[in-house]
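Novice: One structure follows; several queries about it will come next.
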Amino acid sequence: MLVLVINSGSSSLKYQLRDTETHDLLAKGNVERIGSEQVPDHAAAFDVLRRELEPALHGQQIDAVGHRVVHGGERFSGPVLIDNEITRAIERLSPLAPLHNPASAMGIRAVEKRWPRMPQVAVFDTAFHRTLPETAWRYAVPDDLYRRHGIRRYGFHGTSYGYVTGKAAGLLGIPVEEFNAVIAHLGNGASVTAIRHGRSIDTSMGFTPLAGLVMGTRSGDIDPSVLIFLQRRGWDAEQLDDLLNRESGLLALSGESDMRNIEAAAGEGSERAALALDLAAYRLAKYIGGYHVAVGGARAVVFTAGIGERSPAFRERTVRLLGPLGITLDDAANRAAGSEPAVISTSGSAIPVLVVPTDEEEAIALATAELVGRAGEGADERGSGQAAAQADGRSGEGAG
Ligand code: ADP
């Protein structure tokens, strides 16, 4: 199937054209500056995308569109075929992801406007974490906050975790449903997830992607009283949002948010850069130790995403702190790893350490093809693809 994968932001439309049989990436691009004179809205951006795609299509038809949607709230536990009601549900979840969900809905409507009969699928970043037990998702605050405002842990990077869980279990020859692991997705946004029996049972991001690890420009975990303290001194919500989401993390500690620059600075003797790296690795190692307990004994520690795949130095800095768990790195394997799934620990390591490249677009394309294919079969038998996908109970709608 030819699947167009769309990641729609407020001012950009990123896309990839994927062949789900050959796993080829046929085209990719990013239409930027939505809201400008040249590209006034998402429909205009989609027209640019269509023109850019033409040379790669050679006259072939796109079979389906898969959208990355950040927030699926409590409703969505997997990918769903999109209809009007689903688009409205994505919009209704906007208070939980004010920058992302409205943009996703605009992307969906732009496709609908230009290609009214195109099957579209939504793949949610939160869905993989719908298996969190209440002990992990609930905050110890009055129930009203949860009931009225949906304040709880949701978790993110779920599409990546689902994909990497399958690949890591496959590499070790362990059936996914028996696989316990701790997976660290370390990109500009970074999180870590506890996998038990192939499912997410805890994750470091929370109500928003601000919680947990030290990230490029986000603080990660911090005592919430700091916010109250600052508010009493006149800071408003916008300032606090900027402070913790855009001015903190590695940037605040070292003056740089990009791992490559921080590592270069540390290499040249910058003490601030070295402290930033140590602090980020320490935070991550604490989570890995905690999640090893949470999953009842991990059978792998897995690194993925930009830093996880491409920074042997940061992996080394983190794994060094895991010595008490009997984990030891194979230096040569660690330095060599990156493009393919690989084991980077010694044969004597109590728990194998893996590098597994993530591919969220591939995961979205495959989920889209599966759902659209299944709906198509159902439509032949029962006359309605949408009804068929929902009737078989695997439509991605959470039980509540
Ligand atoms: P995003 O969260 O935006 O998808 P990525 O997964 O692409 O981010 O990861 C971006 C991070 O990966 C940046 O901090 C970048 O510095 C880091 N990174 C990319 N390549 C390397 C490299 N060769 N060595 C160290 N860090 C790298």
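Following the order of the structure tokens, first chain is A, next is B, and so on, with residues numbered from 1 inside each chain and ligands from 1 in the order they appear.
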If you count only C-alpha atoms, which residues fall within 12 Å of A:Val39, apart from same-chain ones fewer than 5 positions away, as a PyMOL selection string?
Specialist: chain A and resi 11-13+31-34+44-49
Novice: Using only C-alpha atoms and all ligand atoms, what table do you get, as a tab-separated table, when you list each residue of chain A with an atom no more than 6 Å from ligand 1, its nearest pair of atoms, and their distance in Å rounded to one decimal, rows by chain then rising number?
Specialist:
```
residue	atom	partner	partner_atom_place_in_ligand_line	distance
A:Gly187	CA	ligand 1	9 (O)	3.4
A:Asn188	CA	ligand 1	2 (O)	3.8
A:Gly189	CA	ligand 1	2 (O)	4.7
A:Asp258	CA	ligand 1	16 (O)	4.0
A:Met259	CA	ligand 1	16 (O)	3.6
A:Arg260	CA	ligand 1	25 (C)	4.5
A:Ala305	CA	ligand 1	6 (O)	4.2
A:Gly306	CA	ligand 1	9 (O)	3.3
A:Ile307	CA	ligand 1	12 (O)	4.1
A:Arg310	CA	ligand 1	22 (C)	4.5
A:Ser311	CA	ligand 1	25 (C)	4.2
```
Novice: Measure the distance from atom CA of A:Tyr161 to atom CA of A:Met215 in Å and round it to one decimal.
Specialist: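 That distance, rounded to one decimal, is 17.7 Å.
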Novice: Give me the stretch 70-118 of chain A side of the contact with stretch 146-156 of chain A, cut-off 12 Å, one line per residue showing its nearest atom pair and distance in Å at one decimal, counting only C-alpha atoms, sorted by chain and residue number, as a Markdown table.
Specialist:
```
| residue | atom | partner | partner_atom | distance |
| --- | --- | --- | --- | --- |
| A:Val70 | CA | A:Phe156 | CA | 7.5 |
| A:His71 | CA | A:Phe156 | CA | 8.2 |
| A:Gly72 | CA | A:Tyr154 | CA | 9.0 |
| A:Gly73 | CA | A:Tyr154 | CA | 7.2 |
| A:Glu74 | CA | A:Tyr154 | CA | 8.0 |
| A:Arg75 | CA | A:Tyr154 | CA | 11.2 |
| A:Phe76 | CA | A:Tyr154 | CA | 11.2 |
| A:Ser77 | CA | A:Tyr154 | CA | 11.1 |
| A:Leu93 | CA | A:Gly150 | CA | 9.9 |
| A:Ser94 | CA | A:Gly150 | CA | 11.9 |
| A:Pro95 | CA | A:His149 | CA | 9.0 |
| A:Leu96 | CA | A:Gly150 | CA | 8.2 |
| A:Ala97 | CA | A:Tyr154 | CA | 11.3 |
```
Novice: DSSP on the backbone: what in stretch 176-339 of chain A comes out helix (DSSP H, G or I), as a ChimeraX atom specification?
Specialist: /A:176-178,225-232,237-246,249-254,259-267,271-294,305-310,312-325,331-336
Novice: Could you tell me which of A:Ala365, A:Val293, A:Val80, A:Met205 comes closest to A:Asp221 if we count only C-alpha atoms?
Specialist: A:Met205
Novice: Neighbours of stretch 267-273 of chain A within 12 Å (only C-alpha atoms; same-chain residues fewer than 3 positions away dropped), as a ChimeraX atom specification?
Specialist: /A:249-264,276-280,313
Novice: Those same residues - N, CA, C and O atoms - I'd like them written as a compact mmCIF listing (two decimals), in the first residue's frame.
Specialist:
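Generated file (selection_36.txt):
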```txt
# COMPACT_ATOMS: atom_id res chain seq x y z
N GLY A 249 16.25 22.62 31.04
CA GLY A 249 16.93 21.42 30.54
C GLY A 249 18.41 21.65 30.25
O GLY A 249 19.08 22.45 30.90
N LEU A 250 18.89 20.93 29.24
CA LEU A 250 20.31 21.01 28.87
C LEU A 250 20.70 22.44 28.51
O LEU A 250 21.81 22.89 28.81
N LEU A 251 19.77 23.17 27.89
CA LEU A 251 20.04 24.55 27.50
C LEU A 251 20.37 25.41 28.72
O LEU A 251 21.34 26.17 28.71
N ALA A 252 19.55 25.27 29.77
CA ALA A 252 19.78 26.07 30.97
C ALA A 252 21.09 25.68 31.65
O ALA A 252 21.80 26.53 32.18
N LEU A 253 21.38 24.38 31.61
CA LEU A 253 22.57 23.91 32.33
C LEU A 253 23.86 24.23 31.60
O LEU A 253 24.88 24.51 32.21
N SER A 254 23.80 24.16 30.24
CA SER A 254 25.07 24.24 29.49
C SER A 254 25.13 25.39 28.50
O SER A 254 26.19 25.67 27.94
N GLY A 255 23.98 26.04 28.24
CA GLY A 255 23.95 27.09 27.23
C GLY A 255 23.65 26.55 25.83
O GLY A 255 23.55 27.30 24.88
N GLU A 256 23.52 25.22 25.71
CA GLU A 256 23.23 24.58 24.41
C GLU A 256 22.12 23.56 24.61
O GLU A 256 22.06 22.91 25.66
N SER A 257 21.26 23.38 23.59
CA SER A 257 20.24 22.34 23.73
C SER A 257 20.55 21.12 22.87
O SER A 257 20.00 20.04 23.08
N ASP A 258 21.43 21.28 21.89
CA ASP A 258 21.72 20.18 20.97
C ASP A 258 22.85 19.31 21.53
O ASP A 258 23.94 19.80 21.85
N MET A 259 22.59 18.02 21.63
CA MET A 259 23.54 17.10 22.25
C MET A 259 24.91 17.15 21.59
O MET A 259 25.93 17.07 22.26
N ARG A 260 24.93 17.29 20.26
CA ARG A 260 26.24 17.32 19.57
C ARG A 260 27.09 18.49 20.07
O ARG A 260 28.29 18.33 20.32
N ASN A 261 26.46 19.66 20.23
CA ASN A 261 27.22 20.83 20.69
C ASN A 261 27.66 20.67 22.14
O ASN A 261 28.75 21.10 22.52
N ILE A 262 26.79 20.05 22.94
CA ILE A 262 27.14 19.88 24.36
C ILE A 262 28.31 18.91 24.49
O ILE A 262 29.24 19.15 25.26
N GLU A 263 28.26 17.84 23.71
CA GLU A 263 29.36 16.87 23.77
C GLU A 263 30.66 17.49 23.28
O GLU A 263 31.73 17.25 23.84
N ALA A 264 30.55 18.32 22.24
CA ALA A 264 31.76 18.99 21.74
C ALA A 264 32.32 19.92 22.82
O ALA A 264 33.54 19.93 23.08
N ALA A 276 25.91 19.17 32.75
CA ALA A 276 24.62 18.94 32.07
C ALA A 276 24.49 17.47 31.68
O ALA A 276 23.45 16.84 31.90
N LEU A 277 25.55 16.91 31.12
CA LEU A 277 25.52 15.51 30.68
C LEU A 277 25.38 14.58 31.88
O LEU A 277 24.61 13.62 31.85
N ASP A 278 26.14 14.87 32.94
CA ASP A 278 26.08 14.02 34.13
C ASP A 278 24.69 14.05 34.76
O ASP A 278 24.14 13.03 35.18
N LEU A 279 24.11 15.25 34.80
CA LEU A 279 22.79 15.40 35.42
C LEU A 279 21.73 14.64 34.61
O LEU A 279 20.88 13.94 35.16
N ALA A 280 21.80 14.77 33.29
CA ALA A 280 20.82 14.08 32.43
C ALA A 280 20.98 12.57 32.52
O ALA A 280 19.99 11.83 32.60
N ALA A 313 28.65 8.20 23.59
CA ALA A 313 29.17 8.80 24.82
C ALA A 313 28.06 8.94 25.86
O ALA A 313 28.27 8.66 27.04
```
Novice: How would you write, as a PyMOL selection string, the set of residues in stretch 160-290 of chain A that DSSP gives as strand (DSSP E)?
Specialist: chain A and resi 181-186+190-196+199-203
Novice: Generate the output file for the selected residues, N, CA, C and O atoms, as a PDB file, in the first residue's frame.
Specialist:
```
ATOM      1  N   ALA A 181      11.073  -4.854  29.669  1.00  0.00           N
ATOM      2  CA  ALA A 181      12.224  -4.025  29.297  1.00  0.00           C
ATOM      3  C   ALA A 181      12.052  -2.601  29.800  1.00  0.00           C
ATOM      4  O   ALA A 181      10.968  -2.190  30.218  1.00  0.00           O
ATOM      5  N   VAL A 182      13.154  -1.880  29.784  1.00  0.00           N
ATOM      6  CA  VAL A 182      13.112  -0.438  30.003  1.00  0.00           C
ATOM      7  C   VAL A 182      13.636   0.210  28.728  1.00  0.00           C
ATOM      8  O   VAL A 182      14.733  -0.122  28.276  1.00  0.00           O
ATOM      9  N   ILE A 183      12.831   1.072  28.122  1.00  0.00           N
ATOM     10  CA  ILE A 183      13.208   1.691  26.855  1.00  0.00           C
ATOM     11  C   ILE A 183      13.328   3.204  27.040  1.00  0.00           C
ATOM     12  O   ILE A 183      12.408   3.840  27.569  1.00  0.00           O
ATOM     13  N   ALA A 184      14.458   3.754  26.602  1.00  0.00           N
ATOM     14  CA  ALA A 184      14.674   5.203  26.690  1.00  0.00           C
ATOM     15  C   ALA A 184      14.628   5.801  25.285  1.00  0.00           C
ATOM     16  O   ALA A 184      15.452   5.463  24.438  1.00  0.00           O
ATOM     17  N   HIS A 185      13.635   6.659  25.052  1.00  0.00           N
ATOM     18  CA  HIS A 185      13.513   7.379  23.776  1.00  0.00           C
ATOM     19  C   HIS A 185      14.114   8.766  24.017  1.00  0.00           C
ATOM     20  O   HIS A 185      13.513   9.612  24.688  1.00  0.00           O
ATOM     21  N   LEU A 186      15.322   8.986  23.491  1.00  0.00           N
ATOM     22  CA  LEU A 186      16.062  10.205  23.807  1.00  0.00           C
ATOM     23  C   LEU A 186      16.227  11.079  22.563  1.00  0.00           C
ATOM     24  O   LEU A 186      17.188  10.932  21.810  1.00  0.00           O
ATOM     25  N   ALA A 190      12.533  13.823  25.531  1.00  0.00           N
ATOM     26  CA  ALA A 190      13.058  12.515  25.932  1.00  0.00           C
ATOM     27  C   ALA A 190      12.171  11.911  27.007  1.00  0.00           C
ATOM     28  O   ALA A 190      11.639  12.617  27.858  1.00  0.00           O
ATOM     29  N   SER A 191      12.002  10.587  26.918  1.00  0.00           N
ATOM     30  CA  SER A 191      11.235   9.906  27.954  1.00  0.00           C
ATOM     31  C   SER A 191      11.737   8.483  28.083  1.00  0.00           C
ATOM     32  O   SER A 191      12.540   8.020  27.270  1.00  0.00           O
ATOM     33  N   VAL A 192      11.266   7.814  29.123  1.00  0.00           N
ATOM     34  CA  VAL A 192      11.655   6.426  29.355  1.00  0.00           C
ATOM     35  C   VAL A 192      10.403   5.659  29.778  1.00  0.00           C
ATOM     36  O   VAL A 192       9.523   6.222  30.428  1.00  0.00           O
ATOM     37  N   THR A 193      10.301   4.410  29.319  1.00  0.00           N
ATOM     38  CA  THR A 193       9.075   3.636  29.549  1.00  0.00           C
ATOM     39  C   THR A 193       9.394   2.247  30.083  1.00  0.00           C
ATOM     40  O   THR A 193      10.357   1.611  29.665  1.00  0.00           O
ATOM     41  N   ALA A 194       8.547   1.822  31.013  1.00  0.00           N
ATOM     42  CA  ALA A 194       8.642   0.480  31.588  1.00  0.00           C
ATOM     43  C   ALA A 194       7.715  -0.449  30.813  1.00  0.00           C
ATOM     44  O   ALA A 194       6.505  -0.182  30.724  1.00  0.00           O
ATOM     45  N   ILE A 195       8.284  -1.512  30.235  1.00  0.00           N
ATOM     46  CA  ILE A 195       7.506  -2.458  29.436  1.00  0.00           C
ATOM     47  C   ILE A 195       7.393  -3.777  30.191  1.00  0.00           C
ATOM     48  O   ILE A 195       8.412  -4.389  30.543  1.00  0.00           O
ATOM     49  N   ARG A 196       6.161  -4.205  30.467  1.00  0.00           N
ATOM     50  CA  ARG A 196       5.953  -5.513  31.087  1.00  0.00           C
ATOM     51  C   ARG A 196       5.014  -6.317  30.194  1.00  0.00           C
ATOM     52  O   ARG A 196       3.955  -5.825  29.817  1.00  0.00           O
ATOM     53  N   ARG A 199       3.765  -4.553  27.136  1.00  0.00           N
ATOM     54  CA  ARG A 199       2.900  -3.376  27.258  1.00  0.00           C
ATOM     55  C   ARG A 199       3.511  -2.316  28.155  1.00  0.00           C
ATOM     56  O   ARG A 199       4.263  -2.640  29.077  1.00  0.00           O
ATOM     57  N   SER A 200       3.120  -1.076  27.927  1.00  0.00           N
ATOM     58  CA  SER A 200       3.602   0.011  28.766  1.00  0.00           C
ATOM     59  C   SER A 200       2.912  -0.050  30.126  1.00  0.00           C
ATOM     60  O   SER A 200       1.683  -0.080  30.212  1.00  0.00           O
ATOM     61  N   ILE A 201       3.714  -0.079  31.207  1.00  0.00           N
ATOM     62  CA  ILE A 201       3.104  -0.032  32.544  1.00  0.00           C
ATOM     63  C   ILE A 201       3.526   1.210  33.324  1.00  0.00           C
ATOM     64  O   ILE A 201       2.992   1.484  34.392  1.00  0.00           O
ATOM     65  N   ASP A 202       4.478   1.961  32.796  1.00  0.00           N
ATOM     66  CA  ASP A 202       4.818   3.255  33.403  1.00  0.00           C
ATOM     67  C   ASP A 202       5.674   4.030  32.411  1.00  0.00           C
ATOM     68  O   ASP A 202       6.340   3.435  31.563  1.00  0.00           O
ATOM     69  N   THR A 203       5.641   5.339  32.536  1.00  0.00           N
ATOM     70  CA  THR A 203       6.409   6.169  31.608  1.00  0.00           C
ATOM     71  C   THR A 203       6.686   7.513  32.256  1.00  0.00           C
ATOM     72  O   THR A 203       5.916   7.970  33.105  1.00  0.00           O
TER      73      THR A 203
END
```
Novice: Write out as a list in words each polymer residue whose atoms come within 10 Å of A:Thr87, counting only C-alpha atoms; drop sequence neighbours fewer than 2 positions from it.
Specialist: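 So the residues in contact are Ile82, Asp83, Asn84, Glu85, Ala89, Ile90, Glu91, Arg92, Asn101, Pro102, Ser104, Ala105, Met106, Ile108, Arg109 and Ala122 of chain A.
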